[in-house]
Amino acid sequence: MERNVNLPIIFLDRDGTIIKDKIYLNNPKEIKFYKDIFMSMKKLQLSGYKFVIVTNQSGIARGYVSRKNVILIHKKIREILKSKGIKIFKIYFCPHHPEEKCGCRKPAIGMVKNIISLIDKKKSFMIGDLPTDIEFGKNLGIKTILIKRKKLKNFSVKPDYIVKTFSSAAKKIISLEKKC
């Protein structure tokens with residue numbers, strides 16, 4: 001049993017949040033980070049935050065992407081970020097089809113159940129670009145930031161903050177930290 005250590009964690013969606021969304025990304029060579037990611041993540045890391053990537057990867061269940069390639073993509077993401085001085089604490093992914101109704105697909109929080117006791121819920125955030133990301137954060141009991149790069153329909157839950165870029169999300173988190 002892990003003891004509660006209260007880590008300030010920023011949970012990050014992968015596609016459309018830190019890397020450009022490519023339908024069923026299947027090749028590590030096709031990873032393209034948004035230009036504001038590196039500097040923004042570095043600032044957040046220097047402020048004491050740990051990063052956990054949480055991503056739904058139904059392309060595995062659909063047969064479009066292999067589990068092996070998703071793992072290779074995550075390895076490459078870690079390598080690129082590490083080369084910029086950014087450390088990823090954990091990466092979790094759900095390989096299931098949405099119709100499987102598993103407990104690990106966002107907005108469910110099953111994929112992070114083994115680190116829930118480590119989260120400082122008052123200082124942690126979920127940053128994502130879809131309603132399921134925001135619902136995931138709400139289900140975890142942490143603050144949520146929606147990066148609104150496109151128009152969204154069927155928005156069932158309201159994010160705590162809405163921004164247009166990742167750098168705006170980082171600035172928001174740092175400004176909130178200073179108020180505490």
# chains A, B, ... in the order shown; residues from 1 in each chain; ligands from 1

$ select_by_dssp --residues "region 121-162 of chain A" --states "helix (DSSP H, G or I)" --output "list in words"
Pro131, Thr132, Asp133, Ile134, Glu135, Phe136, Gly137, Lys138, Asn139 and Leu140 of chain A

$ write_last_selection --atoms "N, CA and C atoms" --output "PDB file, in the first residue's frame"
ATOM      1  N   PRO A 131     -14.015  17.056 -23.709  1.00  0.00           N
ATOM      2  CA  PRO A 131     -14.861  16.910 -22.516  1.00  0.00           C
ATOM      3  C   PRO A 131     -14.473  15.727 -21.631  1.00  0.00           C
ATOM      4  N   THR A 132     -14.047  14.614 -22.237  1.00  0.00           N
ATOM      5  CA  THR A 132     -13.657  13.452 -21.428  1.00  0.00           C
ATOM      6  C   THR A 132     -12.450  13.763 -20.541  1.00  0.00           C
ATOM      7  N   ASP A 133     -11.569  14.648 -21.002  1.00  0.00           N
ATOM      8  CA  ASP A 133     -10.425  15.041 -20.181  1.00  0.00           C
ATOM      9  C   ASP A 133     -10.893  15.824 -18.960  1.00  0.00           C
ATOM     10  N   ILE A 134     -11.835  16.728 -19.190  1.00  0.00           N
ATOM     11  CA  ILE A 134     -12.361  17.548 -18.105  1.00  0.00           C
ATOM     12  C   ILE A 134     -13.125  16.670 -17.113  1.00  0.00           C
ATOM     13  N   GLU A 135     -13.934  15.769 -17.620  1.00  0.00           N
ATOM     14  CA  GLU A 135     -14.670  14.845 -16.749  1.00  0.00           C
ATOM     15  C   GLU A 135     -13.706  13.983 -15.935  1.00  0.00           C
ATOM     16  N   PHE A 136     -12.620  13.540 -16.553  1.00  0.00           N
ATOM     17  CA  PHE A 136     -11.595  12.762 -15.857  1.00  0.00           C
ATOM     18  C   PHE A 136     -11.065  13.555 -14.664  1.00  0.00           C
ATOM     19  N   GLY A 137     -10.687  14.813 -14.914  1.00  0.00           N
ATOM     20  CA  GLY A 137     -10.186  15.657 -13.834  1.00  0.00           C
ATOM     21  C   GLY A 137     -11.202  15.849 -12.729  1.00  0.00           C
ATOM     22  N   LYS A 138     -12.454  16.077 -13.108  1.00  0.00           N
ATOM     23  CA  LYS A 138     -13.528  16.240 -12.115  1.00  0.00           C
ATOM     24  C   LYS A 138     -13.700  14.946 -11.315  1.00  0.00           C
ATOM     25  N   ASN A 139     -13.640  13.795 -12.000  1.00  0.00           N
ATOM     26  CA  ASN A 139     -13.760  12.509 -11.307  1.00  0.00           C
ATOM     27  C   ASN A 139     -12.611  12.264 -10.341  1.00  0.00           C
ATOM     28  N   LEU A 140     -11.447  12.842 -10.645  1.00  0.00           N
ATOM     29  CA  LEU A 140     -10.304  12.738  -9.737  1.00  0.00           C
ATOM     30  C   LEU A 140     -10.398  13.732  -8.582  1.00  0.00           C
TER      31      LEU A 140
END

$ residues_around --residues "Ile77 (chain A)" --least-positions-apart "5" --cutoff "9 Å" --atoms "only C-alpha atoms" --output "list in words"
Ile19, Pro28, Ile31, Phe33, Leu72 and Lys82 of chain A

$ atom_distance --atom1 "CA of Tyr64 (chain A)" --atom2 "CA of Tyr24 (chain A)"
6.6 Å

$ residues_around --residues "Phe93 (chain A)" --least-positions-apart "2" --cutoff "9 Å" --atoms "only C-alpha atoms" --output "VMD selection string"
chain A and resid 53 to 57 70 91 95 104 to 105 111

$ residues_around --residues "Ser167 (chain A)" --least-positions-apart "5" --cutoff "8 Å" --atoms "only C-alpha atoms" --output "PyMOL selection string"
chain A and resi 36-37+40

$ write_last_selection --atoms "N, CA and C atoms" --output "short mmCIF file (atom, residue, chain, number, x, y, z; two decimals), in the first residue's frame"
data_model
loop_
_atom_site.label_atom_id
_atom_site.label_comp_id
_atom_site.auth_asym_id
_atom_site.auth_seq_id
_atom_site.Cartn_x
_atom_site.Cartn_y
_atom_site.Cartn_z
N ASP A 36 4.65 25.60 -27.99
CA ASP A 36 4.75 26.20 -26.66
C ASP A 36 4.91 25.18 -25.53
N ILE A 37 4.97 23.91 -25.88
CA ILE A 37 4.99 22.85 -24.86
C ILE A 37 6.28 22.86 -24.03
N SER A 40 6.80 25.84 -21.57
CA SER A 40 5.72 25.84 -20.58
C SER A 40 5.85 24.69 -19.60
#

$ closest_residue --among "A:Lys101, A:His96, A:Leu81, A:Thr144" --to "Arg62 (chain A)" --atoms "only C-alpha atoms"
A:His96

$ closest_residue --among "A:Gln45, A:Ser58, A:Ser66, A:Asn6" --to "Asn26 (chain A)" --atoms "only C-alpha atoms"
A:Ser66

$ closest_residue --among "A:Lys68, A:Lys50, A:Lys179, A:Lys164" --to "Met126 (chain A)" --atoms "only C-alpha atoms"
A:Lys50

$ closest_residue --among "A:Leu146, A:Val65, A:Leu130, A:Ile173" --to "Tyr161 (chain A)" --atoms "only C-alpha atoms"
A:Leu146
